[in-house]
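S.K.: Have a look at this one.
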Amino acid sequence: MNNDLKQQQIARINIYALLSRLTMNEVDEGLLKSIEEDENILSFFPTYAKWKKRDEYDRVGLIQQYLNVDFTNLFLLHLIPYESFYTREDQMMETGGDNPVQAIFNAFEFNVALDKARVMSADHIGIELEFMYELCKAELRALEADDMIMATQLSQLQYGFMKDHIVEWAPMYLLSVKNEAGTAFYFDLADFALEFILSDFEGLNQLKENEYKYTV
Amino acid sequence: MYLKSRRTFLKGAAFTVAGAAIARGVFEVDAVAESVTDSKFTNTPASLSFYPDQSEWDSFKELDGSDWKRGGIERHGVRSASNPDGIQVNDYTIVPTVCSNCEAGCGLTAWVNTNEFKKGILTVRKYMGNPLHTGSRGRNCAKGYAVTSQMYDPDRIPFPIKRAPGSKRGEGKWVRVTWDEAMAAIGKKMHDTLAKGDEVSKKSIMYHVGRPNENGFGPRVPQSLGIDGYNSHTNICSAGAREGTIQWANDDRNSPDWANADLIFLQSSHAADAGHYFQQSAGLIADARKRGAKMVVIDPRMSNSAGMADLWIPTWPGTEAALYLYLVNRIVHEKNIDGKDLVHHEFVKEWVNWDRLMANKAYLQKMIGYGYISKMPKDDSYESFIEVLKELYAPYTKEFVVKECKLEGMEYKLDQLWDLFVPAGAKIASYLWRAGAIGHRGGWMNTRTGFLPLALVGAMRGDIGGVGMHHWHEISVAGKGDKATVAGKHPAKTDVWNELAWPPEYPISTYEMGYMLPQIMMDDEWHAKWTKRGLKIPKSMAVYVPRMHNPLWINPDGFRWIEALKREDKFELSFNLSPTWSETNWYCDYVLPVGLAGERNDQQSTPSKPEQRIEFRQAVLRVAAEKSGWKAKDPSRATLEAHMKFGLGEVWEESEFWPNLIFHYVDKDGSLGIRDYWASKKDPSRPVSVPEYFDAALSLLPRLKETATKMYKDEEYPVYSYIRDHGAWTEKTNVYKPQEEELEFDGTYYHAHGHKYSKDEVTKDKFGALWVKDGEFKKSIGVDINSELHEGFHTLSKKLEFFSEWLADEWKWPEYAIPIYPRDEKENDKMVHLVTQVHHKHMKADNEFALNTIYRLPYNIHTRSVNSKHLMEISQNHNPIWIYTKDAEKLGIKRGDAVKVQIEDTLSGIKSGYFVAMAVPTEATRPGVLACSHHAGRWKLQDSVKIPGFEHQLGVMSLGSPKVSMTNDGKKGTMTTTEGIKPHKAWQFKEYNRDLDFIWWDGLSGAWQNAVAPCHPDPIAGNHGWHQKVIITKATPNEKIGDISVDYEGNFKVYQAWRDQLTRPLNANDKLRRPYHIKRPVKPSQKAYRFEIKDV
C-alpha cells in the first residue's frame, strides 16, 4: 500500500479512537494534556484553544469544575447518547439482546464490556465510534497484507454501519450537544465529531462508488 | 460549514498519541455458542415488569443480568450441562420483607439466589419493592434499595462481642463470645435484679428502643418482666406534634388522605421529602397533584418539596402558629364567593367540644383575665361560641403575621395562600409533624393551632381528601401472640412507675424523656430531692439495653452520654442490640449483632393512607432456606441458625432473642413467673417460635384469618404462611370518619370497641358523652349527638377538643388550654413556654441566626446507614451550613468557607460551645435562618478492632466515618478529625465489595453538632427543642470543618434552667402521675398512676 493510503487509515483510526474515548467517558488529566500539547489535535478544538477558563484553572480544576459537569449534562443526564433512543418510535433505549447494534456486534463476535465502558447498552455513541475504530484498524491490517478482498469487505461493512446506524442518528445528537454545550471543549468536540463523521461517510461513499479502488 | 475538507482530517495521522493509547478498548472477542430455541427466555422481554406474579415467587428463574446484557441468549444460549458457556440462569426465591431504614415500612422483596443452596450458600442478590404492599406499591427510596449494601457491609459485626475483661468501657478492647455466653451473663444479672422483687428493682432494667419499626413486640418484653422499663427514642423527634394532636383528638398523630386531597398543606418537608412515611406519601401526593391538587409548603428552607410546590412560605421557624391563627381569623370573619360562611358549621357544631367551653364559666372568666376576650359571651350557644372565636382571633391580622413570621416583602404569599386554601374546602390533607412542632419550645402549639383552621373548614372530619387520625389506620398486634405461649394470656401491667423515663417535672410529656437519661442519672441533687419527697428512684441501672438505637450520638449533649455510659456505678451492665457499629456500641459491655430489613421478624403497620394494613418483616435467608427444604435444629432459633449456616454470620434478631434469653437464662426454672409468657404452647420445653407467635398474633385480624385459612388450609400456621409469602395484608380499605360510626345499643347493652356495657353502668353527661367505670377511674365510650349514638373521637368528650379541659384544670396549664399564640411583645415575654428559643427577638447582631437543624436527609438514617456504601456516596456533601446569600455577603462568607457556629441558649444566656461547618450561601434558606441537618457527623475512635483468636480485624464504620480524637476534662469537651477513610479490603462478603477501591470520599459528613447542643426539654410536651440560636464567625486557620468544642458544665446548667425555670412539676396536691386517658407506651396499672408525695 502506498504511504498516503496508510496515513489516511492511521488518521481515521486515531480520530475514531479519540472521538470514541471522549464521548464515552470523562476526559482525564493525561488525555487533556495530550490534546493541549499536540497542535494537530488542538487544531480540532479551536474554541477551546482560546478559552479563557484555561488561564484561570489548572487542568484538574478545569476538569472538576467545568468539563466533568458539562460531560454529565451532555452524556449522562440531559441528552441521550444512545441510538435506540433516536431510532425507536417510543424513544425507549433498547438494552437487551434485540438491540440491532448488539446483533451486529454478536455477528462479528465482539462482546462489549459495558461495565468497563460505563454505558447502558451497546448502541452508545462512544461504542459505535470505537467499533468503527476497530474496523479501521482491521482494514489497515488487510491493506498492509495486501488482502484487498478483506479490506473491501471491511470498508463495505464500515459504509453499511455508518449508513444504517451512525449517520442515522449521531448528527442529531451531536447538533444537540453543540447547542447545549456549556464548555468550549465539548462544543468543539461535537463540531469535530459531526464534521468528521459526515466527511468520513462521504469518503466511504466515494470508495464504494469507485468500486473499492483504493486511492487517496 | 459542512463539510470540512477531508484533507483536514488527515492531520489525524500525525497525532502524537496513537489511537490504541486513547481508545477505551471495550470490545472483547469471544466465541458464539449455539442458540437455544427451546427456552422460555428471549433476547429482550416483550414487556418490562419489575415483579413476576406472586405465584412464581418460590422459584423464579431469570437470566443473569450482566451476562444477558452482553448479547442476549442468541449469543451464548442458556447455560446447561451441554452448554457450559451459556448464560447463567439464576433461580430466585423471592421473599417479601419490609424495609427497616425508617418508619415508613415500605415493602421489599429479597431476591435470594438458591443456585448454590446445596453447597450451603444462599445470597440475596438484590432488594426490590413489594407490589403487594398497598402503601408503597412496589416502590422504594434510595434507602430501600441500599439494603443489599447494608446486609453485605464489609464491616458487619460477625458475632457477639464483649468488652475485654479488665478493660474499661470505651477502651475498644473486645473479645468474641457466643450468643449463649452473652445470654448467660445478661440473664443472670436480670434474674438477680428481678428476684429482689422490690419497687426499685422493677425500675432498674431499661429497654431503650430506637426506631421500633414494629407494633408491639418490644413493649411486651418489659411488661412480661413485670417492670416499668420501656424507654424509646420517639419523644425527641416528635413529642411536640404528639402533644398538639393529643390535646385535639387524644391521638398520636394525624393521618392524611393525600391522594384525594385538593390541597396538600405541608409544614416542612417531612411528609414528602424524608420523614413519616415519605416514600409512600410522596407517591400519593404526586398522584393528587397529577389530578390537579395544589401544594403549599411552610418551611424556612427550600426543601425538595418546597421547590416543587405551588407556594413556598418561608416563615421564621417556630412562628407558624401566628400564620395558622391568621387563617382562623379570616375563616371566622369572611365568606366565600357565594356569600356563605367558610366555617363548616354542621361539622364544628356537632364534633368540636365548644359546648364544654361555653358551659365552663370559670374558664371563660380566666380568658377575660388573660385578655383573650373582653367580656363573657351572652349565652352558651354555638353562635356565641363563633362570636368568641371572632374576638379571640381578631388580633391575628395580616400585618401581625407579616411581622411575627418575618414575611416582609412576601405579603403577596399570604394572599396566594388564602386563594389556595379556600377553594379546597374540607379536602385539605396535612401532616403536622416534626419541623415547627419539634424544633421549638412550645412547638406543640404549632400543631394545636395548625389543626384549628382545618377543623373549622371540616377537613378534620377525616373524610375523603381530609385529615384522619393515626390509630384509625394502624394495626398493632405484634405484642399479642399470647395464645402461642404456655401462659396463653397477655402479661399483667406492672404496679410501678419509672421516674427515670417519666420524671415528675414532665407529667404530660409525649412520651418517655429518654434523651435526658444521662442528665437524670448523673444528677444526684435531683435524685435526693425527689427521694426526700417519697419517690423510690434507682441510683443505678442494673441492665441497660439500647435496641436499634444510638442514643449517645443522636441525643443532645453527647459528651454527657459518654460520661454516663462509662460509669459502671450508674450503668452496671449494658448491651446494645445493634445491626452496625455505632458510637454507643463503643461504650457498652456487649455488642449483640441483630438484623436489618431482611434479617428480622417484625409485624409493622404504617398509616400512610386511609386503610388498615400490616406488613411483615422477615428473615429472608431463613424463609428461603425453609422453602428449599432446610429445617432448623431448634425452631425457636431458626433465624440465627439460618444466618450462621448460609453465610451472614451470627446475626440474630429480637423475636427469637428475647424468648430464648428469658426462657433459658432469666427465668429458667419459672420461679419468677415470666417464663410461661415466652414458652411455646406447642412444645413447652422450648421458647415460642416465630411461626407460632406471629400466627397467633396475626390471627387476631378476622379478614386475614379467613383468607389465609382458606388459602393455606393444609399448613400448620396458615396465617403466618400467608404473610410469609405475601409480606403485607390490607385488612380494610376506605377507612374514613370512624367517629361517626354508630355506637350499637341493643336495648340492654352498649357495644363499644369489642366490649359490651350494660345500660345500668352507663351514664350520659349533659354534653352527650357516655361514661362507664374503668377500674378506679372513668372512661367515655361514645357520644349522643342529636339523639344518635356515635363511637366518637378518642378524647374524653368524644369530640375534637378545641378546649382542653384537663390541661386547664388538673394539669396546670390553663392559659394554653385553647389554641393561642402571643399577640404582642408583652405576651411574648409572658408566654415564655410557648415562644421558640430561636424567636427573632433574640437575634440582635448581623452574625446571630436561628439554626434550623431538624430536616432529614433523604438518603440517611442516623444509625444504620453509616456504612452503606451506596448511601454514603450520595451523602458526602459535608452537610454544609446553608446561609442566605445576602447574609453571607454581609459577613464576607463565601462558598466553602469554614465557619464557627457558636450555640447560645436564649433562656439562660449560656454559650455552650461551637462546631465548625462548611458554608454554602444559597437563596434556599430564608434571611436570618441557617440550615444544617443534625443527621450527619458520625465518628469513630479506631479504624478497626482486633479480636483475640480471630484472624481478621473487624472494621469500624470504615466506609462512612472519619477517625477523630476526643478530649473531655469535665469542663470542656473537644473533638477533631484526625484521618479520613483508609483504603480497605473486605474479608467478608467479598463479591459484594469488589468496588471498595472506588471509594473517593473521606467520610467526613459534617460536625457532630448534637454533642454541642444542650438538652432543651420543652416544659409541656417534653421534646428537645432542636433549633438553636447561633453566632457565626469565620473559622481561624487552626479550626477545621468537623471540629467541635463543648462547654460540658454549661450544657448541664442550660438543662437545669429549662427544667427548673419552665416546668410545673407534680407536687403534694397531685394525685396522679399523668392523665390516665392519654397514651403512655406500656401503660402500667392504675395503682402505678397514683401519686403520693410530701412537699419538703
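In the C-alpha cells, chains take the letters A, B, ... in the order shown, each chain's residues start at 1, and ligands count up from 1 in the order shown.
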Any chance you could tabulate, as a tab-separated table, the residues of chain A at most 7 Å from chain B with each one's nearest atom pair and distance in Å to one decimal, using only C-alpha atoms, in chain and rising number order?

M.R.:
```
residue	atom	partner	partner_atom	distance
A:Gln7	CA	B:Ala13	CA	5.5
A:Gln8	CA	B:Leu10	CA	5.8
A:Ile10	CA	B:Ala13	CA	5.0
A:Ala11	CA	B:Ala13	CA	3.6
A:Arg12	CA	B:Gly12	CA	6.6
A:Ile13	CA	B:Gly19	CA	6.0
A:Asn14	CA	B:Gly19	CA	4.1
A:Ile15	CA	B:Gly12	CA	5.8
A:Ala17	CA	B:Ala23	CA	4.6
A:Leu18	CA	B:Ile22	CA	6.0
A:Ser20	CA	B:Ala23	CA	6.7
A:Arg21	CA	B:Ala23	CA	5.3
A:Asp38	CA	B:Thr16	CA	6.6
A:Asn40	CA	B:Lys11	CA	6.1
A:Ile41	CA	B:Phe15	CA	6.4
A:Thr95	CA	B:Lys69	CA	6.8
A:Gly96	CA	B:Thr44	CA	4.8
A:Gly97	CA	B:Gly72	CA	4.0
A:Asp98	CA	B:Asn43	CA	5.6
A:Gln102	CA	B:Gly71	CA	6.3
A:Asn106	CA	B:Arg75	CA	6.3
A:Glu109	CA	B:Val29	CA	5.5
A:Phe110	CA	B:Val29	CA	4.7
A:Asn111	CA	B:Glu28	CA	4.9
A:Val112	CA	B:Phe27	CA	4.8
A:Ala113	CA	B:Val26	CA	5.1
A:Lys116	CA	B:Val26	CA	6.5
A:Ala117	CA	B:Val26	CA	6.0
A:Glu195	CA	B:Leu3	CA	6.1
A:Ser199	CA	B:Arg6	CA	5.9
```

S.K.: For B:Leu941, find every residue with an atom within 10 Å (counting only C-alpha atoms), except residues of its own chain fewer than 4 positions away, and show them as a PyMOL selection string.

M.R.: chain B and resi 170-172+583+586+956+961-966+977-978

S.K.: Could the residues in this selection be written to a file with N, CA and C atoms, as a compact mmCIF listing (two decimals), in the first residue's frame?

M.R.:
```txt
# COMPACT_ATOMS: atom_id res chain seq x y z
N GLY B 170 -15.10 1.96 76.51
CA GLY B 170 -14.55 2.99 75.65
C GLY B 170 -13.10 2.74 75.26
N GLU B 171 -12.46 1.73 75.86
CA GLU B 171 -11.06 1.45 75.51
C GLU B 171 -10.96 0.75 74.16
N GLY B 172 -12.05 0.13 73.74
CA GLY B 172 -12.04 -0.51 72.42
C GLY B 172 -11.40 -1.88 72.42
N GLU B 583 -21.49 4.65 67.72
CA GLU B 583 -20.76 5.32 68.79
C GLU B 583 -21.17 4.74 70.14
N TRP B 586 -19.54 1.48 71.39
CA TRP B 586 -18.18 1.62 71.91
C TRP B 586 -18.14 1.65 73.44
N VAL B 956 -14.34 -0.73 61.61
CA VAL B 956 -15.33 0.07 62.35
C VAL B 956 -15.78 1.23 61.45
N SER B 961 -17.20 6.92 58.16
CA SER B 961 -16.87 7.81 59.27
C SER B 961 -15.38 8.07 59.32
N PRO B 962 -15.02 9.32 59.57
CA PRO B 962 -13.59 9.60 59.78
C PRO B 962 -13.18 9.22 61.20
N LYS B 963 -11.90 9.16 61.40
CA LYS B 963 -11.38 8.90 62.75
C LYS B 963 -11.20 10.25 63.44
N VAL B 964 -11.46 10.26 64.74
CA VAL B 964 -11.36 11.53 65.47
C VAL B 964 -10.53 11.34 66.73
N SER B 965 -10.08 12.47 67.27
CA SER B 965 -9.54 12.43 68.63
C SER B 965 -10.47 13.27 69.48
N MET B 966 -10.57 12.90 70.75
CA MET B 966 -11.57 13.50 71.61
C MET B 966 -10.96 13.78 72.97
N THR B 977 -11.22 15.81 63.75
CA THR B 977 -10.94 14.65 62.90
C THR B 977 -9.43 14.53 62.69
N THR B 978 -8.96 13.30 62.68
CA THR B 978 -7.53 13.08 62.51
C THR B 978 -7.21 12.37 61.20
```

S.K.: Please list as a list of chain:residue names every residue within 10 Å of A:Asp70, counting only C-alpha atoms and excluding residues in the same chain fewer than 4 positions away.

M.R.: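 Surrounding residues, per the criterion: A:Glu26, A:Ile63, A:Gln64, A:Gln65, A:Tyr66, A:Leu74, A:Phe75, A:Leu76, A:Leu77, A:Val177, A:Glu180, A:Ala181, A:Gly182, A:Thr183, A:Ala184, A:Phe185, A:Tyr186, A:Phe187.
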
S.K.: For the residues in the current selection, export C-alpha atoms as a short mmCIF file (atom, residue, chain, number, x, y, z; two decimals), in the first residue's frame.

M.R.:
```cif
data_model
loop_
_atom_site.label_atom_id
_atom_site.label_comp_id
_atom_site.auth_asym_id
_atom_site.auth_seq_id
_atom_site.Cartn_x
_atom_site.Cartn_y
_atom_site.Cartn_z
CA GLU A 26 -14.93 12.00 31.13
CA ILE A 63 -11.88 19.07 34.61
CA GLN A 64 -13.54 19.02 38.02
CA GLN A 65 -15.28 22.35 37.87
CA TYR A 66 -16.24 22.58 34.23
CA LEU A 74 -24.37 16.15 27.80
CA PHE A 75 -23.74 12.43 28.11
CA LEU A 76 -25.40 11.25 31.30
CA LEU A 77 -28.29 13.41 32.34
CA VAL A 177 -24.56 18.63 22.08
CA GLU A 180 -26.32 22.51 24.85
CA ALA A 181 -22.59 22.51 25.49
CA GLY A 182 -21.55 24.68 28.37
CA THR A 183 -17.82 24.48 27.69
CA ALA A 184 -15.68 25.26 24.69
CA PHE A 185 -14.23 21.78 24.90
CA TYR A 186 -17.42 19.86 24.37
CA PHE A 187 -18.68 22.38 21.84
#
```

S.K.: Name all residues at most 8 Å from A:Val119 (count only C-alpha atoms; drop same-chain ones fewer than 5 positions away) and give them as a list in words.

M.R.: Met24, Leu114 and His124 of chain A

S.K.: Which parts of stretch 25-213 of chain A does DSSP call alpha helix (DSSP H) when run on the backbone here, written out as a PyMOL selection string?

M.R.: chain A and resi 29-37+39-42+46-49+53-56+59-62+68-71+83-87+100-107+114-117+125-144+148-161+167-180+184-209

S.K.: Output C-alpha atoms for every residue in the selection just made, as a CSV table (one decimal), in the first residue's frame.

M.R.:
```csv
chain,number,residue,atom,x,y,z
A,29,GLU,CA,-5.8,15.0,33.1
A,30,GLY,CA,-3.3,12.9,31.0
A,31,LEU,CA,-5.5,12.9,27.9
A,32,LEU,CA,-6.3,16.6,28.2
A,33,LYS,CA,-2.6,17.3,28.4
A,34,SER,CA,-2.0,15.3,25.3
A,35,ILE,CA,-4.8,17.2,23.5
A,36,GLU,CA,-3.4,20.6,24.6
A,37,GLU,CA,0.2,19.8,23.8
A,39,GLU,CA,-1.0,21.1,17.9
A,40,ASN,CA,-2.7,18.7,15.4
A,41,ILE,CA,-5.2,17.5,18.0
A,42,LEU,CA,-5.7,21.0,19.4
A,46,PRO,CA,-10.2,25.9,18.1
A,47,THR,CA,-12.6,27.5,20.6
A,48,TYR,CA,-11.1,25.5,23.5
A,49,ALA,CA,-7.6,26.6,22.4
A,53,LYS,CA,-11.0,29.4,31.6
A,54,ARG,CA,-7.8,27.7,30.7
A,55,ASP,CA,-5.9,30.6,32.1
A,56,GLU,CA,-7.8,30.6,35.3
A,59,ARG,CA,-6.2,21.0,34.2
A,60,VAL,CA,-7.6,19.3,37.3
A,61,GLY,CA,-9.6,22.3,38.3
A,62,LEU,CA,-10.9,22.7,34.8
A,68,ASN,CA,-17.0,16.9,34.1
A,69,VAL,CA,-20.0,19.0,34.9
A,70,ASP,CA,-20.6,19.5,31.2
A,71,PHE,CA,-20.0,15.9,30.4
A,83,GLU,CA,-29.0,5.2,19.0
A,84,SER,CA,-32.2,3.4,20.0
A,85,PHE,CA,-33.5,6.5,21.7
A,86,TYR,CA,-33.3,8.3,18.4
A,87,THR,CA,-34.5,5.5,16.1
A,100,PRO,CA,-29.8,-4.2,16.3
A,101,VAL,CA,-26.3,-2.8,17.1
A,102,GLN,CA,-25.8,-5.5,19.6
A,103,ALA,CA,-26.9,-8.0,17.0
A,104,ILE,CA,-24.1,-6.7,14.7
A,105,PHE,CA,-21.5,-7.0,17.4
A,106,ASN,CA,-22.7,-10.5,18.1
A,107,ALA,CA,-22.4,-11.4,14.5
A,114,LEU,CA,-20.4,-2.5,29.3
A,115,ASP,CA,-19.1,-2.2,32.8
A,116,LYS,CA,-15.7,-1.1,31.6
A,117,ALA,CA,-17.3,1.4,29.1
A,125,ILE,CA,-22.2,6.8,20.5
A,126,GLY,CA,-18.8,6.0,22.1
A,127,ILE,CA,-19.2,2.3,21.5
A,128,GLU,CA,-20.3,2.8,17.9
A,129,LEU,CA,-17.3,5.0,17.2
A,130,GLU,CA,-15.0,2.5,18.9
A,131,PHE,CA,-16.5,-0.2,16.7
A,132,MET,CA,-15.5,2.0,13.7
A,133,TYR,CA,-12.0,2.3,15.2
A,134,GLU,CA,-11.8,-1.5,15.3
A,135,LEU,CA,-12.9,-1.8,11.7
A,136,CYS,CA,-10.5,0.8,10.5
A,137,LYS,CA,-7.7,-1.0,12.3
A,138,ALA,CA,-8.6,-4.3,10.7
A,139,GLU,CA,-8.9,-2.6,7.3
A,140,LEU,CA,-5.4,-1.2,7.7
A,141,ARG,CA,-4.0,-4.6,8.6
A,142,ALA,CA,-5.7,-6.0,5.5
A,143,LEU,CA,-4.3,-3.3,3.3
A,144,GLU,CA,-0.8,-3.8,4.8
A,148,MET,CA,-7.8,-6.3,-0.9
A,149,ILE,CA,-10.8,-8.6,-0.7
A,150,MET,CA,-10.8,-8.4,3.1
A,151,ALA,CA,-10.1,-4.7,3.0
A,152,THR,CA,-13.0,-4.1,0.7
A,153,GLN,CA,-15.3,-6.2,2.9
A,154,LEU,CA,-14.3,-4.2,5.9
A,155,SER,CA,-14.8,-1.0,4.1
A,156,GLN,CA,-18.2,-2.2,2.9
A,157,LEU,CA,-19.0,-3.0,6.5
A,158,GLN,CA,-18.0,0.4,7.6
A,159,TYR,CA,-20.1,2.0,5.0
A,160,GLY,CA,-23.1,-0.1,6.0
A,161,PHE,CA,-22.7,0.6,9.7
A,167,VAL,CA,-25.3,8.7,10.2
A,168,GLU,CA,-28.9,7.9,11.0
A,169,TRP,CA,-28.8,9.4,14.5
A,170,ALA,CA,-25.4,10.7,15.6
A,171,PRO,CA,-25.6,14.1,13.7
A,172,MET,CA,-28.9,14.8,15.5
A,173,TYR,CA,-27.4,14.0,18.8
A,174,LEU,CA,-24.2,16.0,18.1
A,175,LEU,CA,-26.1,19.0,17.0
A,176,SER,CA,-27.9,18.9,20.3
A,177,VAL,CA,-24.6,18.6,22.1
A,178,LYS,CA,-23.3,21.7,20.2
A,179,ASN,CA,-26.4,23.5,21.2
A,180,GLU,CA,-26.3,22.5,24.8
A,184,ALA,CA,-15.7,25.3,24.7
A,185,PHE,CA,-14.2,21.8,24.9
A,186,TYR,CA,-17.4,19.9,24.4
A,187,PHE,CA,-18.7,22.4,21.8
A,188,ASP,CA,-15.6,21.7,19.8
A,189,LEU,CA,-15.8,18.0,20.3
A,190,ALA,CA,-19.3,17.9,19.0
A,191,ASP,CA,-18.4,20.0,16.0
A,192,PHE,CA,-15.3,17.9,15.4
A,193,ALA,CA,-17.2,14.6,15.6
A,194,LEU,CA,-20.0,15.9,13.4
A,195,GLU,CA,-17.7,17.1,10.7
A,196,PHE,CA,-15.6,14.0,10.8
A,197,ILE,CA,-18.4,11.6,10.7
A,198,LEU,CA,-20.0,13.2,7.7
A,199,SER,CA,-16.7,13.6,6.0
A,200,ASP,CA,-15.7,10.0,6.6
A,201,PHE,CA,-19.0,8.8,5.4
A,202,GLU,CA,-18.5,10.8,2.2
A,203,GLY,CA,-15.1,9.2,1.8
A,204,LEU,CA,-16.6,5.7,2.3
A,205,ASN,CA,-19.2,6.5,-0.2
A,206,GLN,CA,-16.7,7.7,-2.8
A,207,LEU,CA,-14.7,4.5,-2.3
A,208,LYS,CA,-17.8,2.5,-2.8
A,209,GLU,CA,-18.7,4.4,-6.0
```

S.K.: Report the residues of stretch 730-929 of chain B whose backbone DSSP state falls under strand (DSSP E), written as a ChimeraX atom specification.

M.R.: /B:730-732,744-745,749-752,755-758,763-764,769-774,777-785,788-790,848-852,881-884,898-904,911-922,929

S.K.: Give me, as a PyMOL selection string, all polymer residues having an atom no more than 7 Å from stretch 722-732 of chain B, counting only C-alpha atoms and skipping those fewer than 5 positions away in the same chain.

M.R.: chain B and resi 95-97+132-133+611-616+703-704+708

S.K.: With C-alpha atoms retained, write the just-selected residues as an mmCIF file, in the first residue's frame.

M.R.:
```cif
data_model
loop_
_atom_site.group_PDB
_atom_site.id
_atom_site.type_symbol
_atom_site.label_atom_id
_atom_site.label_comp_id
_atom_site.auth_asym_id
_atom_site.auth_seq_id
_atom_site.Cartn_x
_atom_site.Cartn_y
_atom_site.Cartn_z
ATOM 1 C CA VAL B 95 -39.104 -13.466 49.786
ATOM 2 C CA PRO B 96 -41.163 -10.442 50.794
ATOM 3 C CA THR B 97 -39.998 -8.386 53.718
ATOM 4 C CA LEU B 132 -48.455 -6.386 47.183
ATOM 5 C CA HIS B 133 -47.819 -3.685 49.796
ATOM 6 C CA GLU B 611 -56.687 1.942 55.112
ATOM 7 C CA GLN B 612 -55.674 -0.615 57.708
ATOM 8 C CA ARG B 613 -52.662 -2.578 56.627
ATOM 9 C CA ILE B 614 -49.947 -4.685 58.154
ATOM 10 C CA GLU B 615 -46.601 -5.612 56.743
ATOM 11 C CA PHE B 616 -44.303 -8.381 57.899
ATOM 12 C CA ARG B 703 -60.344 -10.969 57.337
ATOM 13 C CA LEU B 704 -56.745 -12.088 57.143
ATOM 14 C CA ALA B 708 -55.354 -17.368 54.986
#
```

S.K.: Out of B:Ala306, B:Ile662, B:Leu565, B:Ala1035, which residue has the shortest atom-to-atom distance to B:Leu552 when counting only C-alpha atoms?

M.R.: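 Among the listed residues, the smallest separation from B:Leu552 belongs to B:Leu565.
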
S.K.: Residues near stretch 48-62 of chain B, anyone? I mean within 9 Å using only C-alpha atoms, not counting same-chain ones fewer than 2 positions away, as a compact mmCIF listing (two decimals) with N, CA and C atoms, in the first residue's frame.

M.R.:
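Once written, part-v3.txt looks like this:
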```txt
# COMPACT_ATOMS: atom_id res chain seq x y z
N PHE B 41 -36.67 -18.04 27.69
CA PHE B 41 -36.05 -16.72 27.68
C PHE B 41 -35.98 -16.16 26.26
N PRO B 45 -37.19 -8.90 26.76
CA PRO B 45 -38.57 -9.23 27.16
C PRO B 45 -39.57 -8.41 26.36
N ALA B 46 -40.72 -8.99 26.11
CA ALA B 46 -41.75 -8.28 25.36
C ALA B 46 -42.24 -7.06 26.12
N ASP B 64 -28.94 -14.33 34.19
CA ASP B 64 -28.02 -13.47 34.92
C ASP B 64 -27.90 -12.12 34.20
N GLY B 65 -28.09 -11.07 34.92
CA GLY B 65 -28.24 -9.75 34.32
C GLY B 65 -27.08 -9.30 33.48
N GLN B 88 -25.85 -17.83 32.49
CA GLN B 88 -26.34 -18.46 33.71
C GLN B 88 -27.79 -18.09 33.97
N VAL B 89 -28.53 -19.09 34.45
CA VAL B 89 -29.90 -18.83 34.88
C VAL B 89 -29.90 -18.82 36.40
N ASN B 90 -30.37 -17.73 36.98
CA ASN B 90 -30.46 -17.66 38.43
C ASN B 90 -31.84 -18.11 38.87
N ASP B 91 -31.84 -18.98 39.85
CA ASP B 91 -33.11 -19.45 40.42
C ASP B 91 -33.33 -18.70 41.72
N TYR B 92 -34.28 -17.78 41.69
CA TYR B 92 -34.54 -16.96 42.86
C TYR B 92 -35.73 -17.46 43.66
N THR B 93 -35.57 -17.44 44.95
CA THR B 93 -36.75 -17.47 45.81
C THR B 93 -36.97 -16.03 46.22
N ILE B 94 -38.09 -15.49 45.83
CA ILE B 94 -38.37 -14.08 46.13
C ILE B 94 -39.14 -14.03 47.44
N VAL B 95 -38.50 -13.47 48.45
CA VAL B 95 -39.10 -13.47 49.79
C VAL B 95 -39.49 -12.03 50.14
N THR B 114 -30.80 -19.21 44.92
CA THR B 114 -30.72 -20.53 45.54
C THR B 114 -29.87 -21.50 44.71
N MET B 128 -35.80 -5.44 46.02
CA MET B 128 -36.70 -4.62 45.22
C MET B 128 -37.91 -4.30 46.09
N GLY B 129 -38.91 -3.63 45.54
CA GLY B 129 -40.11 -3.34 46.31
C GLY B 129 -41.04 -4.54 46.34
N ASN B 130 -42.11 -4.40 47.10
CA ASN B 130 -43.14 -5.44 47.14
C ASN B 130 -44.42 -4.86 46.56
N PRO B 131 -44.83 -5.33 45.38
CA PRO B 131 -46.02 -4.77 44.74
C PRO B 131 -47.30 -5.08 45.51
N LEU B 132 -47.24 -6.03 46.44
CA LEU B 132 -48.45 -6.39 47.18
C LEU B 132 -48.68 -5.47 48.39
N GLY B 138 -44.85 -1.23 45.54
CA GLY B 138 -43.71 -1.72 44.75
C GLY B 138 -42.58 -0.73 44.61
N ALA B 624 -36.15 -18.50 52.78
CA ALA B 624 -35.74 -19.14 51.52
C ALA B 624 -35.20 -20.54 51.78
N LYS B 627 -38.01 -22.88 52.54
CA LYS B 627 -38.75 -23.22 51.32
C LYS B 627 -37.98 -24.23 50.47
N SER B 628 -36.65 -24.22 50.64
CA SER B 628 -35.81 -25.16 49.88
C SER B 628 -35.63 -26.48 50.62
N ASP B 725 -45.55 -15.44 52.65
CA ASP B 725 -45.50 -15.49 51.19
C ASP B 725 -45.87 -14.17 50.51
N HIS B 726 -46.61 -13.32 51.21
CA HIS B 726 -47.08 -12.07 50.59
C HIS B 726 -46.44 -10.82 51.19
```

S.K.: Which polymer residues have any atom within 8 Å of an atom of stretch 181-197 of chain B, counting only C-alpha atoms, with same-chain residues fewer than 5 positions away left out, as a ChimeraX atom specification?

M.R.: /B:160,162,202,204-205,225,542-543,573,590,661-662,665-667,672

S.K.: With distances taken over only C-alpha atoms, which residue among B:Lys705, B:Lys173, B:Arg926, B:Arg617 lies nearest B:Val945?

M.R.: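 Selected residue with least distance to B:Val945: B:Lys173.
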